[in-house]
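Colleague: Input work.txt, format and content: compact mmCIF, C-alpha atoms and all ligand atoms.
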```
# COMPACT_ATOMS: atom_id res chain seq x y z
CA MET A 710 -11.15 -15.70 -24.10
CA GLY A 711 -14.05 -15.28 -26.46
CA LYS A 712 -13.80 -15.99 -30.17
CA GLY A 713 -13.93 -13.41 -32.92
CA ASN A 714 -12.16 -10.09 -33.32
CA LEU A 715 -10.32 -8.76 -30.33
CA THR A 716 -10.77 -5.06 -29.75
CA VAL A 717 -8.42 -2.88 -27.75
CA LYS A 718 -10.41 -1.83 -24.68
CA HIS A 719 -7.91 0.60 -23.24
CA THR A 720 -4.58 2.14 -24.05
CA PRO A 721 -1.62 0.24 -22.58
CA ALA A 722 -0.05 2.13 -19.67
CA ASN A 723 3.34 2.44 -21.36
CA THR A 724 2.01 4.03 -24.55
CA LYS A 725 3.59 7.41 -25.20
CA ILE A 726 1.75 9.83 -27.43
CA LYS A 727 3.16 13.23 -28.30
CA PRO A 728 1.02 16.25 -29.18
CA VAL A 729 0.89 16.67 -32.98
CA VAL A 730 0.80 20.47 -32.97
CA LYS A 731 2.77 23.09 -31.13
CA TRP A 732 0.24 25.31 -29.43
CA ALA A 733 0.45 28.73 -27.81
CA GLY A 734 -0.04 28.20 -24.11
CA GLY A 735 0.92 24.55 -24.52
CA LYS A 736 1.23 22.87 -21.16
CA ARG A 737 4.50 20.99 -21.53
CA GLN A 738 6.17 23.53 -19.24
CA ILE A 739 4.02 22.68 -16.24
CA LEU A 740 2.94 19.20 -17.29
CA ASN A 741 4.48 17.48 -14.29
CA GLU A 742 2.88 19.96 -11.91
CA LEU A 743 -0.47 19.14 -13.49
CA MET A 744 0.07 15.37 -13.60
CA VAL A 745 0.73 15.08 -9.87
CA ARG A 746 -2.49 16.98 -9.13
CA VAL A 747 -4.83 14.86 -11.24
CA PRO A 748 -7.21 12.86 -9.00
CA ALA A 749 -6.28 9.20 -8.62
CA LYS A 750 -9.77 8.11 -9.65
CA TYR A 751 -12.50 9.60 -11.77
CA ASN A 752 -15.12 8.45 -14.24
CA ARG A 753 -15.09 10.55 -17.37
CA TYR A 754 -12.35 13.02 -18.35
CA PHE A 755 -13.23 16.39 -19.94
CA GLU A 756 -10.90 18.89 -21.55
CA PRO A 757 -12.94 21.75 -23.06
CA PHE A 758 -9.91 23.88 -24.13
CA VAL A 759 -7.80 21.06 -25.48
CA GLY A 760 -5.38 22.92 -27.83
CA GLY A 761 -2.35 20.67 -28.41
CA GLY A 762 -3.62 18.36 -25.66
CA ALA A 763 -0.44 18.00 -23.60
CA LEU A 764 -2.34 16.67 -20.58
CA VAL A 765 -4.86 14.37 -22.25
CA PHE A 766 -2.14 12.69 -24.33
CA ALA A 767 0.03 12.27 -21.24
CA LEU A 768 -2.81 10.76 -19.18
CA LEU A 769 -4.66 8.82 -21.90
CA PRO A 770 -7.88 8.57 -19.89
CA ARG A 771 -10.09 5.75 -21.11
CA ASN A 772 -13.28 7.71 -21.45
CA ALA A 773 -12.64 11.27 -22.55
CA VAL A 774 -14.33 14.27 -24.14
CA ILE A 775 -12.14 16.89 -25.81
CA ASN A 776 -13.28 20.22 -27.17
CA ASP A 777 -11.87 23.44 -28.59
CA TYR A 778 -13.29 26.47 -30.38
CA ASN A 779 -10.73 26.13 -33.16
CA SER A 780 -12.43 24.18 -35.96
CA GLU A 781 -9.26 23.44 -37.94
CA LEU A 782 -7.74 21.90 -34.83
CA MET A 783 -10.77 19.73 -34.09
CA ASN A 784 -11.06 18.69 -37.75
CA MET A 785 -7.45 17.53 -37.40
CA TYR A 786 -8.25 15.31 -34.39
CA LYS A 787 -11.25 13.80 -36.18
CA VAL A 788 -9.15 13.06 -39.27
CA ILE A 789 -6.40 11.51 -37.12
CA ARG A 790 -9.03 9.32 -35.50
CA ASP A 791 -11.02 8.33 -38.59
CA ARG A 792 -8.66 8.56 -41.59
CA VAL A 793 -5.12 8.32 -40.30
CA GLU A 794 -3.67 6.39 -43.25
CA GLU A 795 -5.00 8.90 -45.79
CA LEU A 796 -3.61 11.70 -43.65
CA ILE A 797 -0.17 10.08 -43.49
CA GLU A 798 -0.13 9.72 -47.29
CA ASP A 799 -1.18 13.35 -47.76
CA LEU A 800 1.46 14.64 -45.31
CA LYS A 801 4.15 13.03 -47.47
CA LYS A 802 3.49 15.45 -50.33
CA HIS A 803 4.73 18.57 -48.50
CA VAL A 804 8.21 20.07 -48.80
CA ASN A 805 10.02 22.60 -46.63
CA THR A 806 10.65 25.57 -48.90
CA ARG A 807 9.54 29.15 -48.55
CA GLU A 808 7.82 29.10 -51.92
CA TYR A 809 5.84 25.95 -51.16
CA TYR A 810 4.95 27.20 -47.66
CA TYR A 811 3.34 30.38 -48.99
CA LYS A 812 1.58 28.47 -51.75
CA ILE A 813 -0.05 26.19 -49.18
CA ARG A 814 -0.62 28.94 -46.64
CA ASN A 815 -2.35 31.20 -49.15
CA ILE A 816 -4.96 28.67 -50.26
CA ASP A 817 -7.29 30.26 -47.70
CA ARG A 818 -7.07 33.58 -49.60
CA GLU A 819 -9.33 31.91 -52.16
CA PRO A 820 -12.29 30.63 -50.14
CA GLU A 821 -13.63 28.57 -53.04
CA ARG A 822 -10.34 26.72 -53.35
CA TYR A 823 -10.05 26.26 -49.59
CA ASN A 824 -13.59 24.91 -49.34
CA ARG A 825 -12.84 22.34 -52.02
CA LEU A 826 -10.13 20.77 -49.81
CA THR A 827 -11.22 17.52 -48.20
CA PRO A 828 -11.09 17.22 -44.38
CA VAL A 829 -7.91 15.14 -44.83
CA GLU A 830 -6.28 17.84 -46.97
CA LYS A 831 -7.31 20.52 -44.47
CA ALA A 832 -5.79 18.55 -41.58
CA SER A 833 -2.63 17.90 -43.58
CA ARG A 834 -2.27 21.59 -44.43
CA PHE A 835 -2.92 22.55 -40.80
CA ILE A 836 -0.23 20.21 -39.42
CA TYR A 837 2.30 21.18 -42.10
CA LEU A 838 1.78 24.93 -41.48
CA ASN A 839 1.95 24.47 -37.71
CA ARG A 840 5.30 22.70 -37.98
CA THR A 841 6.93 24.98 -40.55
CA CYS A 842 5.55 28.39 -39.61
CA TYR A 843 7.30 30.83 -37.31
CA ASN A 844 7.18 29.62 -33.70
CA GLY A 845 4.28 27.21 -34.26
CA LEU A 846 1.87 30.08 -33.83
CA TYR A 847 -1.75 29.91 -34.88
CA ARG A 848 -2.92 33.34 -35.93
CA VAL A 849 -5.53 34.42 -38.43
CA ASN A 850 -6.46 37.94 -39.52
CA SER A 851 -9.94 39.43 -39.47
CA ARG A 852 -10.80 37.62 -42.71
CA GLY A 853 -9.81 34.31 -41.11
CA GLU A 854 -6.64 34.01 -43.21
CA PHE A 855 -3.68 32.26 -41.59
CA ASN A 856 -1.00 34.95 -41.54
CA VAL A 857 2.05 33.57 -39.72
CA PRO A 858 5.28 33.88 -41.76
CA TYR A 859 7.52 31.01 -42.85
CA GLY A 860 9.68 29.73 -39.97
CA ASN A 861 12.78 28.87 -42.02
CA TYR A 862 13.64 25.86 -39.85
CA LYS A 863 16.28 23.36 -41.01
CA ASN A 864 14.47 20.10 -40.30
CA PRO A 865 10.89 20.60 -39.21
CA VAL A 866 9.07 17.30 -38.61
CA TRP A 867 5.46 17.29 -39.74
CA LEU A 868 5.07 13.56 -40.12
CA ASP A 869 5.61 11.05 -37.32
CA GLU A 870 3.71 8.02 -38.62
CA ASN A 871 4.00 5.93 -35.51
CA ASN A 872 2.80 8.71 -33.25
CA LEU A 873 -0.15 9.50 -35.53
CA ARG A 874 -1.23 5.85 -35.53
CA LEU A 875 -1.01 5.65 -31.75
CA MET A 876 -3.03 8.83 -31.42
CA SER A 877 -5.57 7.49 -33.88
CA GLU A 878 -6.04 4.33 -31.82
CA TYR A 879 -6.35 6.32 -28.64
CA LEU A 880 -8.89 8.77 -30.10
CA LYS A 881 -11.23 5.94 -31.15
CA ASN A 882 -12.83 6.13 -27.70
CA VAL A 883 -12.77 9.90 -27.41
CA ALA A 884 -15.66 12.28 -28.13
CA ILE A 885 -14.34 15.20 -30.20
CA LEU A 886 -16.34 18.43 -30.04
CA ASN A 887 -15.90 21.85 -31.62
CA ASP A 888 -17.86 24.36 -29.60
CA ASP A 889 -17.76 26.90 -26.82
CA PHE A 890 -16.47 25.42 -23.53
CA GLU A 891 -19.94 25.53 -21.96
CA ILE A 892 -20.97 22.63 -24.19
CA ILE A 893 -19.74 20.30 -21.45
CA ARG A 894 -22.16 21.63 -18.81
CA ASP A 895 -24.85 19.08 -19.55
CA MET A 896 -22.38 16.25 -20.06
CA VAL A 897 -20.46 16.33 -16.78
CA HIS A 898 -21.73 14.16 -13.94
CA GLU A 899 -20.82 13.35 -10.38
CA GLY A 900 -17.45 11.59 -10.20
CA ASP A 901 -16.12 13.11 -13.45
CA PHE A 902 -12.96 15.20 -13.79
CA VAL A 903 -12.55 18.37 -15.85
CA TYR A 904 -9.28 20.08 -16.74
CA PHE A 905 -9.77 23.70 -17.83
CA ASP A 906 -6.96 25.47 -19.64
CA PRO A 907 -8.51 28.68 -20.98
CA PRO A 908 -6.62 31.44 -22.78
CA TYR A 909 -4.81 33.12 -19.91
CA VAL A 910 -5.80 36.40 -18.33
CA PRO A 911 -3.00 38.75 -19.47
CA LEU A 912 -0.37 39.75 -16.94
CA ASN A 913 -0.37 43.40 -17.80
CA SER A 914 -4.07 43.97 -17.26
CA THR A 915 -5.15 46.62 -14.82
CA SER A 916 -8.04 46.38 -12.40
CA ASN A 917 -10.33 47.89 -15.01
CA PHE A 918 -11.10 44.62 -16.76
CA THR A 919 -14.39 45.08 -18.45
CA SER A 920 -13.15 46.16 -21.87
CA TYR A 921 -10.37 43.67 -22.14
CA THR A 922 -10.42 40.83 -24.67
CA ASP A 923 -7.66 38.39 -25.50
CA LYS A 924 -8.07 36.42 -28.74
CA GLY A 925 -11.80 36.66 -28.28
CA PHE A 926 -11.73 35.46 -24.67
CA SER A 927 -12.92 38.34 -22.53
CA LEU A 928 -13.00 38.78 -18.79
CA GLU A 929 -16.70 38.12 -19.03
CA ASP A 930 -15.78 34.74 -20.49
CA HIS A 931 -13.48 34.15 -17.51
CA LYS A 932 -16.41 34.86 -15.18
CA ARG A 933 -18.61 32.54 -17.23
CA LEU A 934 -15.95 29.89 -16.82
CA LYS A 935 -15.80 30.41 -13.06
CA ASN A 936 -19.55 29.93 -13.03
CA LEU A 937 -19.12 26.61 -14.79
CA CYS A 938 -16.45 25.62 -12.23
CA ASP A 939 -18.99 26.33 -9.48
CA TYR A 940 -21.49 24.11 -11.26
CA VAL A 941 -18.97 21.28 -11.64
CA ASP A 942 -18.19 21.61 -7.94
CA ARG A 943 -21.87 21.61 -6.93
CA ILE A 944 -22.71 18.40 -8.76
CA GLY A 945 -19.84 16.50 -7.11
CA ALA A 946 -17.35 16.44 -9.97
CA LYS A 947 -13.72 17.57 -9.72
CA PHE A 948 -11.99 20.29 -11.67
CA MET A 949 -8.45 21.55 -12.12
CA LEU A 950 -7.78 24.84 -13.90
CA SER A 951 -4.61 26.62 -14.95
CA ASN A 952 -4.29 30.34 -15.46
CA SER A 953 -1.90 33.23 -15.03
CA TYR A 954 -1.04 34.66 -11.62
CA THR A 955 -2.91 37.95 -11.50
CA GLU A 956 -5.01 39.87 -9.00
CA PHE A 957 -8.04 39.08 -11.10
CA THR A 958 -7.56 35.29 -11.16
CA LEU A 959 -6.60 35.11 -7.47
CA GLU A 960 -9.76 36.99 -6.59
CA LEU A 961 -11.99 35.06 -8.99
CA TYR A 962 -11.00 31.65 -7.59
CA ARG A 963 -10.39 32.68 -3.99
CA GLU A 964 -12.80 30.11 -2.55
CA TYR A 965 -10.89 27.21 -4.12
CA ASN A 966 -7.52 25.60 -3.55
CA ILE A 967 -5.03 27.83 -5.41
CA GLU A 968 -1.39 26.80 -5.81
CA VAL A 969 1.35 28.85 -7.42
CA VAL A 970 3.78 27.14 -9.81
CA LYS A 971 6.65 28.45 -11.91
CA ALA A 972 6.87 28.13 -15.68
CA LYS A 973 9.40 29.22 -18.26
CA ARG A 974 7.58 31.29 -20.83
CA ALA A 975 8.31 33.73 -23.59
CA ILE A 976 8.11 37.07 -21.84
CA ASN A 977 8.21 39.42 -24.79
CA SER A 978 6.10 39.50 -27.88
CA ASP A 979 8.59 37.96 -30.33
CA GLY A 980 9.26 35.04 -28.02
CA SER A 981 13.05 35.46 -28.08
CA LYS A 982 13.38 36.26 -24.39
CA ARG A 983 12.29 33.64 -21.88
CA GLY A 984 11.84 34.05 -18.18
CA GLU A 985 10.32 32.33 -15.20
CA ILE A 986 6.84 33.45 -14.42
CA ARG A 987 4.25 32.39 -11.90
CA GLU A 988 1.09 30.58 -12.90
CA ILE A 989 -1.72 29.19 -10.80
CA ILE A 990 -3.34 25.79 -10.58
CA VAL A 991 -6.81 25.89 -9.07
CA ARG A 992 -8.66 22.81 -7.79
CA ASN A 993 -11.87 22.07 -5.90
CA TYR A 994 -10.16 19.18 -4.07
CA GLU A 995 -6.93 18.58 -2.14
C1 LIG B 1 -4.22 27.87 -23.38
S1 LIG B 1 -4.89 27.13 -24.83
C2 LIG B 1 -4.92 25.43 -24.38
C3 LIG B 1 -3.55 24.82 -24.47
C4 LIG B 1 -3.53 23.31 -24.26
N1 LIG B 1 -3.78 22.94 -22.88
C5 LIG B 1 -2.23 22.68 -24.72
O1 LIG B 1 -1.59 21.94 -23.98
O2 LIG B 1 -1.84 22.94 -25.89
C6 LIG B 1 -6.54 27.65 -24.85
C7 LIG B 1 -7.43 27.07 -25.95
O3 LIG B 1 -8.77 27.57 -25.78
C8 LIG B 1 -9.40 27.66 -27.05
N2 LIG B 1 -10.57 28.56 -26.89
C9 LIG B 1 -10.63 29.90 -26.91
N3 LIG B 1 -11.88 30.33 -26.63
C10 LIG B 1 -12.65 29.22 -26.42
C11 LIG B 1 -14.01 29.00 -26.08
N4 LIG B 1 -14.87 30.02 -25.88
N5 LIG B 1 -14.44 27.72 -25.92
C12 LIG B 1 -13.59 26.68 -26.13
N6 LIG B 1 -12.28 26.83 -26.45
C13 LIG B 1 -11.81 28.09 -26.60
C14 LIG B 1 -8.30 28.14 -27.97
O4 LIG B 1 -8.57 27.78 -29.31
C15 LIG B 1 -7.06 27.42 -27.38
O5 LIG B 1 -6.79 26.22 -28.08
```
Take the structure in this file and express it as structure tokens.

Modeller:
Amino acid sequence: MGKGNLTVKHTPANTKIKPVVKWAGGKRQILNELMVRVPAKYNRYFEPFVGGGALVFALLPRNAVINDYNSELMNMYKVIRDRVEELIEDLKKHVNTREYYYKIRNIDREPERYNRLTPVEKASRFIYLNRTCYNGLYRVNSRGEFNVPYGNYKNPVWLDENNLRLMSEYLKNVAILNDDFEIIRDMVHEGDFVYFDPPYVPLNSTSNFTSYTDKGFSLEDHKRLKNLCDYVDRIGAKFMLSNSYTEFTLELYREYNIEVVKAKRAINSDGSKRGEIREIIVRNYE
């Protein structure tokens, strides 16, 4: 053993880290199906649509790159990594009342006030709103204002100190990016593994796809993503991708290994009715 400070080189295998935010399309439903399909060995791990990060925090790969288009979300991960104690202190100031919720939520109606918030305060607000808003949704209007109503939950938990500290330790070796998913193209090399979890192609789409957009992710974007999958495949890296079970996705990925799995999902718009639906897991390996 050398002298001097010991640094943690990897996360112990029995560490359990829970996602901090509830996220639409969160993968907890099919997490086991994904886990058993992850390659036994790979170099670097990439997750370009990380969202709540169900898979990365279950796997805790040693050398990872996470990315998402949502800048509030990625600011949160950076703050958890770099300033976790300040974040924990700030999270303690919140209370679960309707009045307080709307006061905090509506800060973004005054851009000057919002811009004066520090990254820690932004992350704290983001986590608090995610945990106390209706259904853990993230939705902003055309002006970028968070517009989900108060959830009225009895005991929402927005502060789990131990979990935040574990996540902070883990993220110390993770590259955190906030860009379009194609940012990873030049970073992936032979032997790496990429998990793609894009916004799903909607189930009720018809075969006339060209005009369709879902939260800004169009069918053109899905084709762009398939193109990136082909690139990852060509350079000798592995990918796994989840998506909905539709004619479009089955056709788009037909040359790869497609498996159908079942997930319990909200099947109507208000999320009150749940049903079993089919989803697909696509891989370029067995
Ligand atoms: C299905 S969710 C991922 C859910 C995640 N696997 C989880 O467990 O919570 C898709 C994510 O893609 C992000 N996204 C949408 N368009 C994107 C783009 N062009 N590039 C990168 N991320 C994007 C969204 O912000 C969202 O977090």

Colleague: Per residue of chain A within 9 Å of ligand LIG 1 (chain B), what are the shortest atom pair and its distance in Å to one decimal, counting only C-alpha atoms and all ligand atoms, with rows by chain and residue number, as CSV?

Modeller:
```
residue,atom,partner,partner_atom,distance
A:Pro728,CA,B:LIG1,O2,8.0
A:Val730,CA,B:LIG1,O2,7.9
A:Lys731,CA,B:LIG1,O2,7.0
A:Trp732,CA,B:LIG1,O2,4.7
A:Ala733,CA,B:LIG1,S1,6.3
A:Gly734,CA,B:LIG1,C1,4.3
A:Gly735,CA,B:LIG1,O2,3.5
A:Lys736,CA,B:LIG1,O1,4.1
A:Arg737,CA,B:LIG1,O1,6.6
A:Leu740,CA,B:LIG1,O1,8.5
A:Glu756,CA,B:LIG1,N1,8.3
A:Pro757,CA,B:LIG1,C12,5.8
A:Phe758,CA,B:LIG1,O3,4.2
A:Val759,CA,B:LIG1,C4,5.0
A:Gly760,CA,B:LIG1,O5,3.6
A:Gly761,CA,B:LIG1,O2,3.4
A:Gly762,CA,B:LIG1,O1,4.4
A:Ala763,CA,B:LIG1,O1,4.1
A:Leu764,CA,B:LIG1,O1,6.3
A:Val765,CA,B:LIG1,O1,8.4
A:Asn776,CA,B:LIG1,C12,6.6
A:Asp777,CA,B:LIG1,N6,4.0
A:Tyr778,CA,B:LIG1,N6,4.1
A:Asn779,CA,B:LIG1,O4,4.7
A:Ser780,CA,B:LIG1,O4,8.5
A:Leu782,CA,B:LIG1,O5,8.1
A:Asn887,CA,B:LIG1,C12,7.7
A:Asp888,CA,B:LIG1,C12,6.0
A:Asp889,CA,B:LIG1,N5,3.5
A:Phe890,CA,B:LIG1,N5,3.9
A:Glu891,CA,B:LIG1,N5,7.1
A:Ile892,CA,B:LIG1,N5,8.5
A:Tyr904,CA,B:LIG1,N1,8.7
A:Phe905,CA,B:LIG1,N1,7.9
A:Asp906,CA,B:LIG1,C2,5.2
A:Pro907,CA,B:LIG1,C6,4.5
A:Pro908,CA,B:LIG1,C6,4.3
A:Tyr909,CA,B:LIG1,C1,6.3
A:Lys924,CA,B:LIG1,C9,7.2
A:Gly925,CA,B:LIG1,N3,6.5
A:Phe926,CA,B:LIG1,N3,5.5
A:Asp930,CA,B:LIG1,N4,7.2
A:Ser951,CA,B:LIG1,C1,8.5
A:Asn952,CA,B:LIG1,C1,8.3
```

Colleague: Which polymer residues have any atom within 12 Å of an atom of Ile797 in chain A, counting all atoms listed in the file, with same-chain residues fewer than 4 positions away left out, as a short mmCIF file (atom, residue, chain, number, x, y, z; two decimals) with C-alpha atoms, in the coordinates of the input?

Modeller:
```cif
data_model
loop_
_atom_site.label_atom_id
_atom_site.label_comp_id
_atom_site.auth_asym_id
_atom_site.auth_seq_id
_atom_site.Cartn_x
_atom_site.Cartn_y
_atom_site.Cartn_z
CA VAL A 788 -9.15 13.06 -39.27
CA ILE A 789 -6.40 11.51 -37.12
CA ARG A 790 -9.03 9.32 -35.50
CA ARG A 792 -8.66 8.56 -41.59
CA VAL A 793 -5.12 8.32 -40.30
CA LYS A 801 4.15 13.03 -47.47
CA LYS A 802 3.49 15.45 -50.33
CA HIS A 803 4.73 18.57 -48.50
CA VAL A 829 -7.91 15.14 -44.83
CA GLU A 830 -6.28 17.84 -46.97
CA ALA A 832 -5.79 18.55 -41.58
CA SER A 833 -2.63 17.90 -43.58
CA ARG A 834 -2.27 21.59 -44.43
CA ILE A 836 -0.23 20.21 -39.42
CA TYR A 837 2.30 21.18 -42.10
CA TRP A 867 5.46 17.29 -39.74
CA LEU A 868 5.07 13.56 -40.12
CA ASP A 869 5.61 11.05 -37.32
CA GLU A 870 3.71 8.02 -38.62
CA ASN A 871 4.00 5.93 -35.51
CA ASN A 872 2.80 8.71 -33.25
CA LEU A 873 -0.15 9.50 -35.53
CA ARG A 874 -1.23 5.85 -35.53
CA SER A 877 -5.57 7.49 -33.88
#
```

Colleague: What does the distance from CA of Leu769 in chain A to CA of Tyr879 in chain A come to in Å, to one decimal?

Modeller: 7.4 Å

Colleague: Out of A:Thr724, A:Thr958, A:Asn882, A:Asn966, which residue has the shortest atom-to-atom distance to Lys787 in chain A when counting all atoms listed in the file?

Modeller: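 Of the candidates, the smallest distance to Lys787 in chain A is held by A:Asn882.
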
Colleague: Measuring atom to atom with only C-alpha atoms, identify which of A:Ala773, A:Met785, A:Leu826, A:Ile739 is nearest to Arg974 in chain A.

Modeller: A:Ile739

Colleague: Here's a test: counting only C-alpha atoms, identify every protein, DNA and RNA residue with an atom at most 8 Å from (-3.0, 31.7, -44.0) in the file's coordinate frame, and state them as a ChimeraX atom specification.

Modeller: /A:814-818,849,853-857

Colleague: Just to confirm, what's the straight-line distance from CA of Tyr994 in chain A to CA of Pro911 in chain A in Å (one decimal)?

Modeller: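 Value for the CA of Tyr994 in chain A-CA of Pro911 in chain A distance: 25.9 Å.
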
Colleague: Which is closer to Phe755 in chain A than all the others in A:Arg963, A:Lys727, A:Arg771, A:Lys812, using all atoms listed in the file?

Modeller: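 Residue with the minimum atom-to-atom distance to Phe755 in chain A: A:Arg771.
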
Colleague: If you measure from CA of Leu959 in chain A to CA of Asp895 in chain A, what distance in Å do you get, rounded to one decimal?

Modeller: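 Atom-to-atom, CA of Leu959 in chain A and CA of Asp895 in chain A are spaced 27.1 Å apart.
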
Colleague: Please determine, counting only C-alpha atoms, which residue among A:Glu988, A:Arg825, A:Pro820, A:Ser953 has the shortest atom-to-atom distance to Arg852 in chain A.

Modeller: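 Of A:Glu988, A:Arg825, A:Pro820, A:Ser953, the one nearest Arg852 in chain A is A:Pro820, counting only C-alpha atoms.
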
Colleague: So that I can check the surroundings of range 941-950 of chain A, please list as a ChimeraX atom specification every protein, DNA and RNA residue that reaches within 8 Å of it, counting all atoms listed in the file and ignoring chain neighbours fewer than 2 positions away.

Modeller: /A:747,894,897-906,937-939,952,990-994

Colleague: Taking into account all atoms listed in the file, which residue in the set A:Tyr954, A:Tyr859, A:Tyr809, A:Tyr823 is nearest to Val910 in chain A?

Modeller: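 Closest to Val910 in chain A of all the choices is A:Tyr954.
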
Colleague: For a quick check of understanding, using all atoms listed in the file, which of A:Lys750, A:Arg987, A:Lys932, A:Lys863 has the smallest distance to Gln738 in chain A?

Modeller: A:Arg987

Colleague: Output requested as a CSV table (one decimal), in the frame of the given file - range 806-820 of chain A, filled out with N, CA and C atoms.

Modeller:
```
chain,number,residue,atom,x,y,z
A,806,THR,N,10.0,24.4,-48.3
A,806,THR,CA,10.6,25.6,-48.9
A,806,THR,C,9.7,26.8,-48.7
A,807,ARG,N,10.3,27.9,-48.7
A,807,ARG,CA,9.5,29.2,-48.6
A,807,ARG,C,8.4,29.3,-49.6
A,808,GLU,N,8.8,29.0,-50.8
A,808,GLU,CA,7.8,29.1,-51.9
A,808,GLU,C,6.6,28.2,-51.7
A,809,TYR,N,6.9,26.9,-51.4
A,809,TYR,CA,5.8,26.0,-51.2
A,809,TYR,C,5.0,26.4,-50.0
A,810,TYR,N,5.7,26.8,-48.9
A,810,TYR,CA,5.0,27.2,-47.7
A,810,TYR,C,3.9,28.3,-48.0
A,811,TYR,N,4.3,29.3,-48.7
A,811,TYR,CA,3.3,30.4,-49.0
A,811,TYR,C,2.2,29.9,-50.0
A,812,LYS,N,2.6,29.0,-50.8
A,812,LYS,CA,1.6,28.5,-51.8
A,812,LYS,C,0.5,27.8,-50.9
A,813,ILE,N,0.9,26.9,-50.0
A,813,ILE,CA,0.0,26.2,-49.2
A,813,ILE,C,-0.8,27.1,-48.2
A,814,ARG,N,0.0,28.0,-47.6
A,814,ARG,CA,-0.6,28.9,-46.6
A,814,ARG,C,-1.7,29.8,-47.3
A,815,ASN,N,-1.4,30.2,-48.5
A,815,ASN,CA,-2.4,31.2,-49.2
A,815,ASN,C,-3.6,30.6,-49.8
A,816,ILE,N,-3.7,29.3,-49.7
A,816,ILE,CA,-5.0,28.7,-50.3
A,816,ILE,C,-6.2,29.3,-49.6
A,817,ASP,N,-6.1,29.7,-48.3
A,817,ASP,CA,-7.3,30.3,-47.7
A,817,ASP,C,-7.6,31.7,-48.2
A,818,ARG,N,-6.7,32.3,-49.0
A,818,ARG,CA,-7.1,33.6,-49.6
A,818,ARG,C,-8.1,33.4,-50.7
A,819,GLU,N,-8.3,32.2,-51.1
A,819,GLU,CA,-9.3,31.9,-52.2
A,819,GLU,C,-10.3,30.9,-51.6
A,820,PRO,N,-11.4,31.5,-50.9
A,820,PRO,CA,-12.3,30.6,-50.1
A,820,PRO,C,-12.8,29.4,-50.9
```
